[in-house]
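Next comes start-v9.tsv, with TSV, C-alpha atoms and all ligand atoms.
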chain	number	residue	atom	x	y	z
A	1	MET	CA	-10.30	-4.72	8.56
A	2	ILE	CA	-11.62	-6.40	5.46
A	3	ILE	CA	-11.66	-4.14	2.43
A	4	GLY	CA	-12.98	-4.85	-1.06
A	5	ARG	CA	-10.53	-5.80	-3.76
A	6	GLY	CA	-11.17	-2.56	-5.68
A	7	LYS	CA	-10.51	-0.42	-2.65
A	8	ARG	CA	-7.39	-2.39	-1.89
A	9	TRP	CA	-6.08	-1.72	-5.38
A	10	VAL	CA	-6.67	1.97	-5.11
A	11	GLY	CA	-4.65	1.63	-1.90
A	12	VAL	CA	-1.74	0.04	-3.75
A	13	LEU	CA	-1.72	2.58	-6.55
A	14	MET	CA	-2.17	5.42	-4.10
A	15	SER	CA	0.85	4.05	-2.29
A	16	LEU	CA	2.87	5.11	-5.32
A	17	GLN	CA	2.26	8.67	-4.23
A	18	ALA	CA	4.61	7.84	-1.41
A	19	PHE	CA	7.24	7.78	-4.14
A	20	GLY	CA	6.41	11.31	-5.18
A	21	LEU	CA	3.89	10.50	-7.90
A	22	PRO	CA	0.88	12.76	-8.45
A	23	SER	CA	-2.62	11.44	-7.68
A	24	LEU	CA	-4.78	9.47	-10.12
A	25	ALA	CA	-6.46	11.39	-12.93
A	26	VAL	CA	-10.24	11.09	-13.39
A	27	ALA	CA	-10.61	9.92	-17.04
A	28	ALA	CA	-11.93	6.39	-17.34
A	29	VAL	CA	-10.02	3.33	-18.47
A	30	GLU	CA	-12.08	1.29	-20.93
A	31	ALA	CA	-12.47	-2.43	-20.47
A	32	LYS	CA	-13.90	-4.95	-22.91
A	33	ARG	CA	-14.08	-8.69	-23.47
A	34	VAL	CA	-12.57	-10.14	-26.67
A	35	ASN	CA	-11.89	-13.61	-28.03
A	36	PHE	CA	-8.45	-15.10	-28.48
A	37	GLY	CA	-9.10	-18.13	-30.69
A	38	THR	CA	-9.47	-21.75	-29.71
A	39	LEU	CA	-7.40	-24.60	-28.33
A	40	GLN	CA	-6.83	-27.93	-30.07
A	41	ASP	CA	-9.94	-29.42	-28.45
A	42	GLY	CA	-12.09	-26.49	-29.60
A	43	ALA	CA	-12.21	-24.76	-26.22
A	44	ARG	CA	-12.53	-21.00	-26.64
A	45	VAL	CA	-9.88	-18.82	-25.04
A	46	GLU	CA	-11.51	-15.69	-23.72
A	47	ALA	CA	-9.60	-12.50	-23.26
A	48	ALA	CA	-10.12	-8.95	-22.08
A	49	GLU	CA	-8.50	-5.61	-22.77
A	50	LEU	CA	-7.96	-2.42	-20.84
A	51	SER	CA	-7.09	0.87	-22.58
A	52	ASN	CA	-6.51	4.27	-21.07
A	53	SER	CA	-6.62	7.70	-22.65
A	54	ALA	CA	-2.84	8.06	-22.34
A	55	GLY	CA	-2.33	5.52	-25.13
A	56	MET	CA	-1.58	2.42	-23.09
A	57	SER	CA	-3.48	-0.84	-23.49
A	58	VAL	CA	-3.12	-4.39	-22.25
A	59	ARG	CA	-4.67	-7.67	-23.32
A	60	ILE	CA	-5.03	-10.49	-20.81
A	61	ILE	CA	-5.87	-13.99	-22.01
A	62	ALA	CA	-7.66	-16.64	-19.94
A	63	LEU	CA	-4.99	-19.18	-20.86
A	64	GLY	CA	-2.48	-18.81	-18.07
A	65	ALA	CA	-4.04	-15.47	-17.01
A	66	ALA	CA	-1.28	-14.10	-19.24
A	67	ILE	CA	-0.39	-10.64	-20.52
A	68	GLN	CA	-0.59	-11.27	-24.27
A	69	SER	CA	0.14	-7.72	-25.41
A	70	LEU	CA	1.04	-4.43	-23.77
A	71	ASP	CA	1.09	-1.31	-25.91
A	72	VAL	CA	3.02	1.62	-24.48
A	73	PRO	CA	3.80	5.03	-26.04
A	74	ASP	CA	7.38	6.22	-26.47
A	75	ARG	CA	8.60	9.78	-25.93
A	76	GLY	CA	7.09	10.81	-29.27
A	77	GLY	CA	3.76	9.13	-28.49
A	78	VAL	CA	4.45	6.14	-30.77
A	79	ARG	CA	2.91	2.97	-29.36
A	80	GLU	CA	4.75	-0.32	-29.43
A	81	ASP	CA	3.96	-3.73	-27.97
A	82	VAL	CA	6.61	-4.15	-25.25
A	83	VAL	CA	6.08	-7.81	-24.30
A	84	LEU	CA	6.88	-11.06	-26.08
A	85	GLY	CA	4.11	-13.54	-26.79
A	86	TYR	CA	2.26	-15.53	-29.40
A	87	ASP	CA	-0.51	-14.71	-31.84
A	88	SER	CA	-2.52	-17.85	-31.11
A	89	PRO	CA	-3.44	-19.94	-28.04
A	90	ARG	CA	-2.07	-23.21	-29.39
A	91	GLU	CA	1.48	-21.86	-29.41
A	92	TYR	CA	1.14	-20.97	-25.73
A	93	VAL	CA	0.30	-24.61	-24.99
A	94	ALA	CA	3.02	-26.10	-27.20
A	95	LYS	CA	5.95	-23.92	-26.11
A	96	PRO	CA	7.36	-23.65	-22.59
A	97	GLN	CA	8.60	-20.04	-22.36
A	98	TYR	CA	5.84	-18.77	-20.02
A	99	PHE	CA	5.40	-15.57	-22.07
A	100	GLY	CA	3.51	-13.06	-19.91
A	101	ALA	CA	1.99	-15.89	-17.91
A	102	THR	CA	0.92	-16.24	-14.35
A	103	VAL	CA	3.37	-18.82	-13.03
A	104	GLY	CA	2.90	-21.10	-10.02
A	105	ARG	CA	1.79	-22.72	-7.82
A	106	PHE	CA	5.45	-22.20	-6.96
A	107	ALA	CA	7.19	-19.92	-9.45
A	108	ASN	CA	10.90	-20.60	-10.00
A	109	ARG	CA	12.76	-23.73	-8.89
A	110	ILE	CA	12.46	-26.26	-6.10
A	111	ALA	CA	15.48	-28.54	-5.76
A	112	ARG	CA	14.73	-32.05	-7.00
A	113	GLY	CA	11.03	-31.22	-6.61
A	114	LYS	CA	11.12	-32.05	-2.92
A	115	PHE	CA	10.01	-30.19	0.17
A	116	ALA	CA	8.61	-31.02	3.61
A	117	LEU	CA	5.71	-29.54	5.55
A	118	ASP	CA	4.85	-30.58	9.10
A	119	GLY	CA	7.20	-33.55	8.85
A	120	ARG	CA	5.69	-34.92	5.65
A	121	GLU	CA	7.71	-34.99	2.44
A	122	TYR	CA	6.11	-33.97	-0.85
A	123	THR	CA	7.41	-34.70	-4.34
A	124	LEU	CA	6.60	-32.35	-7.20
A	125	GLU	CA	7.06	-32.93	-10.91
A	126	THR	CA	10.61	-32.37	-12.13
A	127	ASN	CA	10.43	-30.48	-15.42
A	128	ASP	CA	13.77	-28.63	-15.46
A	129	GLY	CA	16.60	-31.15	-15.33
A	130	PRO	CA	16.55	-32.53	-11.77
A	131	ASN	CA	14.38	-29.68	-10.47
A	132	HIS	CA	10.80	-28.45	-10.36
A	133	LEU	CA	10.15	-25.20	-12.27
A	134	HIS	CA	7.15	-22.84	-12.36
A	135	GLY	CA	4.59	-25.28	-10.96
A	136	GLY	CA	5.38	-28.29	-13.17
A	137	VAL	CA	4.12	-29.47	-16.54
A	138	GLN	CA	0.55	-28.24	-16.05
A	139	GLY	CA	1.22	-25.14	-13.97
A	140	LEU	CA	-1.00	-22.09	-13.66
A	141	ASP	CA	0.36	-20.91	-17.03
A	142	LYS	CA	-1.17	-23.88	-18.87
A	143	VAL	CA	-4.73	-23.81	-17.53
A	144	LEU	CA	-7.79	-21.89	-18.66
A	145	TRP	CA	-8.77	-19.39	-16.01
A	146	ASN	CA	-12.24	-17.97	-15.60
A	147	ILE	CA	-12.58	-14.26	-16.36
A	148	ASP	CA	-14.81	-13.21	-13.45
A	149	GLU	CA	-14.92	-9.47	-13.97
A	150	VAL	CA	-14.10	-6.90	-16.66
A	151	ARG	CA	-14.77	-3.38	-15.48
A	152	SER	CA	-14.18	0.12	-16.85
A	153	GLY	CA	-13.48	3.03	-14.51
A	154	PRO	CA	-10.71	5.26	-13.18
A	155	LEU	CA	-8.99	1.94	-12.56
A	156	GLY	CA	-9.97	-0.46	-15.34
A	157	ARG	CA	-9.91	-3.98	-14.02
A	158	ILE	CA	-9.82	-7.61	-15.14
A	159	VAL	CA	-10.25	-10.32	-12.49
A	160	LEU	CA	-9.50	-13.97	-13.25
A	161	ARG	CA	-9.90	-17.01	-11.04
A	162	HIS	CA	-8.67	-20.58	-11.09
A	163	VAL	CA	-9.12	-23.44	-8.67
A	164	SER	CA	-6.10	-25.75	-8.62
A	165	PRO	CA	-7.14	-29.17	-7.29
A	166	ASP	CA	-5.59	-30.85	-4.25
A	167	GLY	CA	-2.54	-32.77	-5.51
A	168	ALA	CA	-2.10	-30.84	-8.80
A	169	GLY	CA	1.57	-31.13	-9.80
A	170	GLY	CA	2.13	-32.81	-6.41
A	171	TYR	CA	1.12	-29.80	-4.29
A	172	PRO	CA	-1.06	-30.35	-1.22
A	173	GLY	CA	-4.35	-28.46	-0.85
A	174	THR	CA	-7.06	-27.12	-3.11
A	175	LEU	CA	-5.79	-23.69	-4.05
A	176	THR	CA	-8.20	-20.96	-5.15
A	177	VAL	CA	-6.18	-18.33	-7.00
A	178	THR	CA	-7.26	-14.87	-8.10
A	179	ALA	CA	-5.35	-12.68	-10.54
A	180	THR	CA	-6.36	-9.01	-10.76
A	181	TYR	CA	-4.96	-6.75	-13.47
A	182	SER	CA	-5.71	-3.02	-13.14
A	183	LEU	CA	-4.74	-0.18	-15.42
A	184	SER	CA	-4.70	3.46	-14.30
A	185	GLU	CA	-4.74	6.65	-16.34
A	186	ARG	CA	-1.15	7.18	-15.19
A	187	ASN	CA	0.16	4.17	-17.14
A	188	GLU	CA	0.40	1.93	-14.10
A	189	LEU	CA	-0.40	-1.72	-14.70
A	190	ALA	CA	-1.00	-3.31	-11.32
A	191	VAL	CA	-1.08	-7.06	-10.82
A	192	GLU	CA	-2.30	-8.73	-7.68
A	193	TYR	CA	-2.20	-12.45	-7.04
A	194	SER	CA	-4.08	-13.84	-4.07
A	195	ALA	CA	-4.74	-17.41	-3.03
A	196	ARG	CA	-6.49	-19.45	-0.35
A	197	THR	CA	-5.93	-23.09	0.52
A	198	ASP	CA	-7.81	-25.80	2.42
A	199	LYS	CA	-4.60	-27.55	3.61
A	200	PRO	CA	-1.16	-26.24	4.57
A	201	THR	CA	0.78	-25.74	1.34
A	202	ILE	CA	3.43	-23.59	-0.34
A	203	VAL	CA	2.65	-20.74	-2.74
A	204	ASN	CA	4.77	-18.40	-4.84
A	205	ILE	CA	2.94	-16.83	-7.78
A	206	THR	CA	4.30	-14.18	-10.11
A	207	ASN	CA	3.96	-12.78	-13.58
A	208	HIS	CA	6.41	-13.84	-16.26
A	209	ALA	CA	6.23	-10.94	-18.75
A	210	TYR	CA	9.22	-10.68	-21.08
A	211	PHE	CA	9.81	-6.97	-21.61
A	212	ASN	CA	11.47	-5.30	-24.55
A	213	LEU	CA	10.83	-1.57	-24.25
A	214	ALA	CA	11.87	-0.98	-27.87
A	215	GLY	CA	9.35	-3.55	-29.11
A	216	LYS	CA	12.04	-5.00	-31.39
A	217	GLY	CA	15.69	-6.04	-31.45
A	218	ASP	CA	17.39	-7.06	-28.20
A	219	VAL	CA	17.50	-5.55	-24.72
A	220	LEU	CA	21.27	-5.53	-24.21
A	221	GLY	CA	21.31	-1.73	-24.56
A	222	HIS	CA	18.46	-1.24	-22.05
A	223	ARG	CA	19.68	0.42	-18.85
A	224	LEU	CA	18.67	-1.32	-15.64
A	225	LYS	CA	18.72	-0.26	-12.02
A	226	LEU	CA	17.89	-2.79	-9.32
A	227	TYR	CA	17.13	-1.78	-5.75
A	228	ALA	CA	19.10	-4.68	-4.33
A	229	ASP	CA	22.36	-4.79	-2.37
A	230	SER	CA	22.64	-8.58	-2.56
A	231	TYR	CA	21.49	-11.59	-4.51
A	232	THR	CA	21.22	-15.32	-3.94
A	233	PRO	CA	23.94	-17.19	-5.89
A	234	VAL	CA	23.04	-20.55	-7.39
A	235	ASP	CA	24.58	-23.93	-8.21
A	236	ALA	CA	24.95	-25.21	-11.77
A	237	THR	CA	21.26	-26.24	-11.84
A	238	LEU	CA	20.22	-22.71	-10.74
A	239	ILE	CA	19.25	-23.71	-7.18
A	240	PRO	CA	20.31	-21.14	-4.52
A	241	THR	CA	23.26	-22.23	-2.40
A	242	GLY	CA	21.73	-20.39	0.59
A	243	GLU	CA	24.26	-17.56	0.54
A	244	ARG	CA	23.23	-13.91	0.23
A	245	ARG	CA	26.11	-12.33	-1.62
A	246	SER	CA	26.82	-8.62	-1.86
A	247	VAL	CA	26.52	-7.28	-5.42
A	248	ALA	CA	29.40	-4.84	-4.79
A	249	GLY	CA	32.20	-5.18	-7.33
A	250	THR	CA	30.38	-7.88	-9.33
A	251	PRO	CA	28.43	-7.90	-12.63
A	252	PHE	CA	25.33	-8.10	-10.37
A	253	ASP	CA	25.77	-4.55	-9.16
A	254	PHE	CA	22.86	-2.67	-10.71
A	255	ARG	CA	22.56	-0.16	-7.87
A	256	GLN	CA	23.34	2.51	-10.44
A	257	PRO	CA	21.80	2.19	-13.93
A	258	ARG	CA	23.94	0.07	-16.22
A	259	ALA	CA	23.39	-1.43	-19.67
A	260	ILE	CA	22.36	-5.06	-19.38
A	261	GLY	CA	24.89	-6.03	-22.04
A	262	GLU	CA	27.85	-4.35	-20.34
A	263	LEU	CA	29.01	-7.35	-18.30
A	264	ILE	CA	26.63	-10.11	-19.36
A	265	ARG	CA	29.43	-11.95	-21.19
A	266	ASP	CA	31.89	-11.81	-18.28
A	267	GLY	CA	33.05	-15.42	-18.34
A	268	HIS	CA	35.18	-14.87	-15.22
A	269	ASP	CA	31.99	-14.81	-13.21
A	270	GLU	CA	30.86	-18.36	-12.44
A	271	GLN	CA	27.34	-17.16	-11.67
A	272	LEU	CA	26.96	-15.69	-15.16
A	273	ARG	CA	28.30	-18.94	-16.60
A	274	PHE	CA	25.75	-20.97	-14.62
A	275	GLY	CA	22.89	-18.74	-15.77
A	276	ARG	CA	24.22	-18.18	-19.32
A	277	GLY	CA	23.72	-14.57	-18.34
A	278	TYR	CA	21.48	-13.16	-15.63
A	279	ASP	CA	19.00	-15.60	-14.15
A	280	HIS	CA	19.16	-14.73	-10.47
A	281	ASN	CA	17.09	-13.69	-7.50
A	282	PHE	CA	17.90	-10.24	-6.12
A	283	VAL	CA	17.19	-9.45	-2.47
A	284	LEU	CA	15.20	-6.23	-2.51
A	285	SER	CA	16.56	-3.66	-0.11
A	286	GLY	CA	14.28	-0.62	-0.44
A	287	GLU	CA	12.11	0.51	2.45
A	288	PRO	CA	8.49	-0.57	1.86
A	289	SER	CA	5.78	2.13	1.86
A	290	PRO	CA	3.09	1.90	4.58
A	291	GLN	CA	1.09	-0.20	2.06
A	292	GLY	CA	3.99	-2.63	1.75
A	293	MET	CA	5.15	-1.68	-1.77
A	294	ARG	CA	8.69	-0.71	-2.68
A	295	LEU	CA	10.59	0.23	-5.79
A	296	ALA	CA	12.34	-2.88	-7.09
A	297	ALA	CA	13.61	-1.99	-10.56
A	298	TRP	CA	13.96	0.82	-13.11
A	299	LEU	CA	14.47	-0.01	-16.78
A	300	GLU	CA	15.01	2.36	-19.70
A	301	ASP	CA	15.29	1.97	-23.43
A	302	PRO	CA	17.42	5.06	-24.16
A	303	ALA	CA	16.45	5.15	-27.85
A	304	SER	CA	12.64	5.22	-27.48
A	305	GLY	CA	12.71	6.80	-24.02
A	306	ARG	CA	10.30	4.21	-22.63
A	307	VAL	CA	10.87	3.67	-18.92
A	308	LEU	CA	9.46	0.89	-16.75
A	309	GLU	CA	9.51	1.01	-12.98
A	310	VAL	CA	8.60	-2.10	-11.02
A	311	PHE	CA	7.11	-1.80	-7.55
A	312	ALA	CA	6.82	-4.95	-5.47
A	313	SER	CA	5.42	-6.28	-2.23
A	314	ALA	CA	7.57	-9.43	-2.50
A	315	PRO	CA	11.04	-9.70	-0.93
A	316	GLY	CA	12.79	-10.98	-4.08
A	317	LEU	CA	13.07	-10.13	-7.77
A	318	GLN	CA	14.16	-12.68	-10.36
A	319	PHE	CA	16.06	-10.92	-13.14
A	320	TYR	CA	16.17	-13.25	-16.14
A	321	SER	CA	17.83	-11.90	-19.30
A	322	GLY	CA	16.07	-14.23	-21.75
A	323	ASN	CA	19.08	-16.57	-21.93
A	324	PHE	CA	17.16	-19.60	-23.11
A	325	LEU	CA	15.49	-17.89	-26.06
A	326	ASP	CA	17.37	-19.69	-28.78
A	327	GLY	CA	16.00	-18.45	-32.08
A	328	THR	CA	13.75	-21.49	-32.52
A	329	VAL	CA	10.74	-19.59	-31.23
A	330	VAL	CA	8.68	-17.47	-33.61
A	331	GLY	CA	6.46	-15.05	-31.74
A	332	LYS	CA	3.91	-12.35	-32.51
A	333	GLY	CA	3.99	-10.99	-36.04
A	334	GLY	CA	6.40	-13.72	-37.17
A	335	ARG	CA	9.32	-12.35	-35.18
A	336	ILE	CA	12.14	-14.74	-34.25
A	337	TYR	CA	13.02	-14.48	-30.58
A	338	ARG	CA	16.75	-14.80	-29.91
A	339	GLN	CA	18.83	-14.83	-26.74
A	340	GLY	CA	18.65	-11.46	-24.96
A	341	ASP	CA	15.67	-10.21	-26.96
A	342	ALA	CA	13.73	-9.52	-23.75
A	343	LEU	CA	14.07	-9.69	-20.00
A	344	CYS	CA	11.88	-10.72	-17.11
A	345	LEU	CA	11.64	-8.89	-13.79
A	346	GLU	CA	9.61	-11.20	-11.58
A	347	PRO	CA	8.69	-10.10	-8.05
A	348	GLN	CA	8.45	-13.20	-5.89
A	349	LEU	CA	9.72	-15.19	-2.92
A	350	PHE	CA	13.23	-16.57	-3.17
A	351	PRO	CA	13.75	-19.69	-5.32
A	352	ASP	CA	13.69	-23.01	-3.43
A	353	ALA	CA	12.37	-21.14	-0.37
A	354	PRO	CA	10.74	-24.29	1.11
A	355	ASN	CA	14.21	-25.83	1.51
A	356	HIS	CA	15.87	-22.80	3.13
A	357	ALA	CA	14.70	-22.06	6.66
A	358	ASP	CA	16.21	-18.55	6.59
A	359	PHE	CA	14.51	-17.49	3.33
A	360	PRO	CA	11.11	-15.75	3.65
A	361	SER	CA	8.55	-18.54	4.05
A	362	ALA	CA	6.33	-19.80	1.23
A	363	ARG	CA	3.98	-21.59	3.63
A	364	VAL	CA	0.28	-20.77	3.45
A	365	ASP	CA	-2.24	-22.21	5.92
A	366	PRO	CA	-6.03	-22.49	5.68
A	367	GLY	CA	-7.66	-19.27	6.84
A	368	ARG	CA	-4.73	-17.14	5.69
A	369	GLU	CA	-4.59	-15.31	2.38
A	370	TYR	CA	-1.48	-15.36	0.20
A	371	VAL	CA	-1.00	-12.04	-1.62
A	372	ASN	CA	1.67	-10.89	-4.06
A	373	ARG	CA	1.32	-7.39	-5.55
A	374	MET	CA	3.34	-5.67	-8.21
A	375	VAL	CA	2.98	-2.50	-10.24
A	376	PHE	CA	4.56	-1.94	-13.66
A	377	ARG	CA	4.64	1.82	-14.16
A	378	PHE	CA	5.49	3.24	-17.58
A	379	SER	CA	6.76	6.72	-18.37
A	380	VAL	CA	9.29	8.31	-20.74
A	381	SER	CA	12.74	9.80	-20.28
A	382	ARG	CA	14.08	12.84	-22.14
A	383	PRO	CA	17.46	12.61	-23.87
A	401	LIG	C1	13.76	-18.72	-15.01
A	401	LIG	C2	14.61	-19.24	-16.13
A	401	LIG	C3	13.73	-20.07	-17.03
A	401	LIG	C4	12.61	-19.22	-17.53
A	401	LIG	C5	11.69	-20.03	-18.37
A	401	LIG	C6	12.67	-17.89	-15.58
A	401	LIG	O1	11.83	-17.41	-14.57
A	401	LIG	O2	14.50	-17.98	-14.08
A	401	LIG	O3	15.66	-20.02	-15.64
A	401	LIG	O4	14.45	-20.59	-18.09
A	401	LIG	O5	11.91	-18.70	-16.45
A	401	LIG	O6	11.02	-19.24	-19.24

Is it possible to express this structure as structure tokens?
Ligand code: BGC
Amino acid sequence: MIIGRGKRWVGVLMSLQAFGLPSLAVAAVEAKRVNFGTLQDGARVEAAELSNSAGMSVRIIALGAAIQSLDVPDRGGVREDVVLGYDSPREYVAKPQYFGATVGRFANRIARGKFALDGREYTLETNDGPNHLHGGVQGLDKVLWNIDEVRSGPLGRIVLRHVSPDGAGGYPGTLTVTATYSLSERNELAVEYSARTDKPTIVNITNHAYFNLAGKGDVLGHRLKLYADSYTPVDATLIPTGERRSVAGTPFDFRQPRAIGELIRDGHDEQLRFGRGYDHNFVLSGEPSPQGMRLAAWLEDPASGRVLEVFASAPGLQFYSGNFLDGTVVGKGGRIYRQGDALCLEPQLFPDAPNHADFPSARVDPGREYVNRMVFRFSVSRP
């Protein structure tokens, strides 16, 4: 059955009721178009915002279909911007941190930029030591998307589209990508990526928001729970070895909430040394709802009480603890971003999937739709 995108989204958010959440309220989420400055060549960067009556608002910019700001109330109702980013478009082009961006065509790493499809070898740009990372030098994060739709309603919605030409970054096939951001009255920000191709290709698209639920300082005191019994260890260049290793008895065991900083400096663990902290793909183990969504992560800032739950349709979750933020980056409001100042929770396929036959496949054929859905649900905890 073919259903409209709006209906499908209601389906995803409704699926959260399977987790015991009450149904959607009726008040409307307001949507509006805004401008976000210009690029070096004078091109205007359009943007759009969604705000609900519960005090949450999000701004999406056409450059990289990125989340530029995300205001969320704490347990006292005080709003804070909980994502890292820049104040102007030019910084997004100049700096490679992927703040809030839509990353792809293949998010994460592909070993030496090489993969084969139907017996033919393809070579992608190598932009991370010997490997390919986040779609190459001109990935989906660096292009201007078209904002197709900005709509108010019980689910406010922003729909962006980009057509990535055949051969971009070395990838086969013209890829038409849609990014849909929806905000509910229940403080759920839903993100859906979908894509169609005209040739067999590989696709892995996710959102690269850097969260800091305090809106300042670092995230080492945030408590994290991951719904994952195993993870995929990596080599020194952060390419998976192919093993799925149990998290039991390791610093990767987040099956019960634990402060991110508790074991992050455990130098006995080679994996933490390779990643300079956490920079690993977790194999999600929760049972998906009938709509294919499952709880992937729970994150709390104990001081403000802000809680983020991540629901995902993807099989993997990259947990990256902001290890490569080195204090040279000055973000929104003139704030210096240092190591551990934010973390990313990126629902996606496993890294280097095209080179591991037993990882979930990244292949997409003409006539088939690639879809990756995630929901970031905010609430507050009581002390
Ligand atoms: C990767 C990190 C990388 C970062 C770039 C993350 O998704 O896992 O290794 O440094 O993106 O911002």

Test item: residues lying within 7 Å of ligand LIG 401 (chain A) with all atoms listed in the file, as a CSV table (one decimal) with C-alpha atoms, in the frame of the given file:
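Output contents, as saved in part33.csv:
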chain,number,residue,atom,x,y,z
A,96,PRO,CA,7.4,-23.6,-22.6
A,97,GLN,CA,8.6,-20.0,-22.4
A,98,TYR,CA,5.8,-18.8,-20.0
A,108,ASN,CA,10.9,-20.6,-10.0
A,208,HIS,CA,6.4,-13.8,-16.3
A,279,ASP,CA,19.0,-15.6,-14.2
A,280,HIS,CA,19.2,-14.7,-10.5
A,318,GLN,CA,14.2,-12.7,-10.4
A,320,TYR,CA,16.2,-13.2,-16.1
A,324,PHE,CA,17.2,-19.6,-23.1

With all atoms listed in the file counted and 8 Å as the cut-off, give the residues of region 125-191 of chain A in contact with region 227-239 of chain A, each with its shortest interatomic distance in Å and the pair that gives it, as JSON lines.
{"residue": "A:Gly129", "atom": "CA", "partner": "A:Thr237", "partner_atom": "CA", "distance": 7.6}
{"residue": "A:Pro130", "atom": "CA", "partner": "A:Thr237", "partner_atom": "CA", "distance": 7.9}
{"residue": "A:Asn131", "atom": "CA", "partner": "A:Thr237", "partner_atom": "CA", "distance": 7.8}

*Write out as a ChimeraX atom specification each polymer residue whose atoms come within 8 Å of region 327-339 of chain A, counting all atoms listed in the file; drop sequence neighbours fewer than 3 positions from it.*
/A:84-87,218,322-324,342

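A straight line drawn from CA of Gly76 (chain A) to CA of Ser304 (chain A) is 8.1 Å long.
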
*Which residues, written as a list in words, have at least one atom at most 7 Å from Val310 (chain A), with all atoms listed in the file counted and residues fewer than 3 positions away on the same chain left out?*
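So, after excluding close chain neighbours, the residues are Leu295, Ala296, Ala297, Trp298, Met374, Val375, Phe376 and Arg377 of chain A.
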
Could you pull out every residue with an atom within 12 Å of (23.1, -12.3, -2.9), file coordinates, counting only C-alpha atoms, and send them as a JSON list (two decimals) with C-alpha atoms, in the coordinates of the input?
[["chain", "number", "residue", "atom", "x", "y", "z"],
["A", 228, "ALA", "CA", 19.10, -4.68, -4.33],
["A", 229, "ASP", "CA", 22.36, -4.79, -2.37],
["A", 230, "SER", "CA", 22.64, -8.58, -2.56],
["A", 231, "TYR", "CA", 21.49, -11.59, -4.51],
["A", 232, "THR", "CA", 21.22, -15.32, -3.94],
["A", 233, "PRO", "CA", 23.94, -17.19, -5.89],
["A", 234, "VAL", "CA", 23.04, -20.55, -7.39],
["A", 240, "PRO", "CA", 20.31, -21.14, -4.52],
["A", 241, "THR", "CA", 23.26, -22.23, -2.40],
["A", 242, "GLY", "CA", 21.73, -20.39, 0.59],
["A", 243, "GLU", "CA", 24.26, -17.56, 0.54],
["A", 244, "ARG", "CA", 23.23, -13.91, 0.23],
["A", 245, "ARG", "CA", 26.11, -12.33, -1.62],
["A", 246, "SER", "CA", 26.82, -8.62, -1.86],
["A", 247, "VAL", "CA", 26.52, -7.28, -5.42],
["A", 248, "ALA", "CA", 29.40, -4.84, -4.79],
["A", 250, "THR", "CA", 30.38, -7.88, -9.33],
["A", 251, "PRO", "CA", 28.43, -7.90, -12.63],
["A", 252, "PHE", "CA", 25.33, -8.10, -10.37],
["A", 253, "ASP", "CA", 25.77, -4.55, -9.16],
["A", 271, "GLN", "CA", 27.34, -17.16, -11.67],
["A", 280, "HIS", "CA", 19.16, -14.73, -10.47],
["A", 281, "ASN", "CA", 17.09, -13.69, -7.50],
["A", 282, "PHE", "CA", 17.90, -10.24, -6.12],
["A", 283, "VAL", "CA", 17.19, -9.45, -2.47],
["A", 284, "LEU", "CA", 15.20, -6.23, -2.51],
["A", 285, "SER", "CA", 16.56, -3.66, -0.11],
["A", 316, "GLY", "CA", 12.79, -10.98, -4.08],
["A", 317, "LEU", "CA", 13.07, -10.13, -7.77],
["A", 318, "GLN", "CA", 14.16, -12.68, -10.36],
["A", 350, "PHE", "CA", 13.23, -16.57, -3.17],
["A", 359, "PHE", "CA", 14.51, -17.49, 3.33]]

*Find the residue from A:Leu226, A:Ala31, A:Leu325, A:Val83 that sits nearest to Pro154 (chain A); use all atoms listed in the file when measuring.*
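Selected residue with least distance to Pro154 (chain A): A:Ala31.
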
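Minimum atom-to-atom distances from A:Gly167, A:Gly139, A:Gly340, A:Gly305 to Val72 (chain A) were compared using all atoms listed in the file, and the lowest value belongs to A:Gly305.
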
*asked:* Set the distance at 9 Å and use all atoms listed in the file: which residues neighbour Gly64 (chain A) once local chain neighbours fewer than 2 positions away are removed? I'd like the list as a list in words.
replied: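 Final neighbour list, sorted by chain and number: Ile61, Ala62, Ala66, Ile67, Tyr92, Tyr98, Gly100, Ala101, Thr102, Val103, Gly139, Leu140, Asp141, Lys142, Val143, Leu144 and Trp145 of chain A.
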
Put those residues in a file: C-alpha atoms, as an mmCIF file, keeping the file's coordinate frame.
data_model
loop_
_atom_site.group_PDB
_atom_site.id
_atom_site.type_symbol
_atom_site.label_atom_id
_atom_site.label_comp_id
_atom_site.auth_asym_id
_atom_site.auth_seq_id
_atom_site.Cartn_x
_atom_site.Cartn_y
_atom_site.Cartn_z
ATOM 1 C CA ILE A 61 -5.870 -13.990 -22.010
ATOM 2 C CA ALA A 62 -7.660 -16.640 -19.940
ATOM 3 C CA ALA A 66 -1.280 -14.100 -19.240
ATOM 4 C CA ILE A 67 -0.390 -10.640 -20.520
ATOM 5 C CA TYR A 92 1.140 -20.970 -25.730
ATOM 6 C CA TYR A 98 5.840 -18.770 -20.020
ATOM 7 C CA GLY A 100 3.510 -13.060 -19.910
ATOM 8 C CA ALA A 101 1.990 -15.890 -17.910
ATOM 9 C CA THR A 102 0.920 -16.240 -14.350
ATOM 10 C CA VAL A 103 3.370 -18.820 -13.030
ATOM 11 C CA GLY A 139 1.220 -25.140 -13.970
ATOM 12 C CA LEU A 140 -1.000 -22.090 -13.660
ATOM 13 C CA ASP A 141 0.360 -20.910 -17.030
ATOM 14 C CA LYS A 142 -1.170 -23.880 -18.870
ATOM 15 C CA VAL A 143 -4.730 -23.810 -17.530
ATOM 16 C CA LEU A 144 -7.790 -21.890 -18.660
ATOM 17 C CA TRP A 145 -8.770 -19.390 -16.010
#

*Write out as a ChimeraX atom specification each polymer residue whose atoms come within 6 Å of Leu183 (chain A), counting all atoms listed in the file; drop sequence neighbours fewer than 3 positions from it.*
/A:155-156,188-189
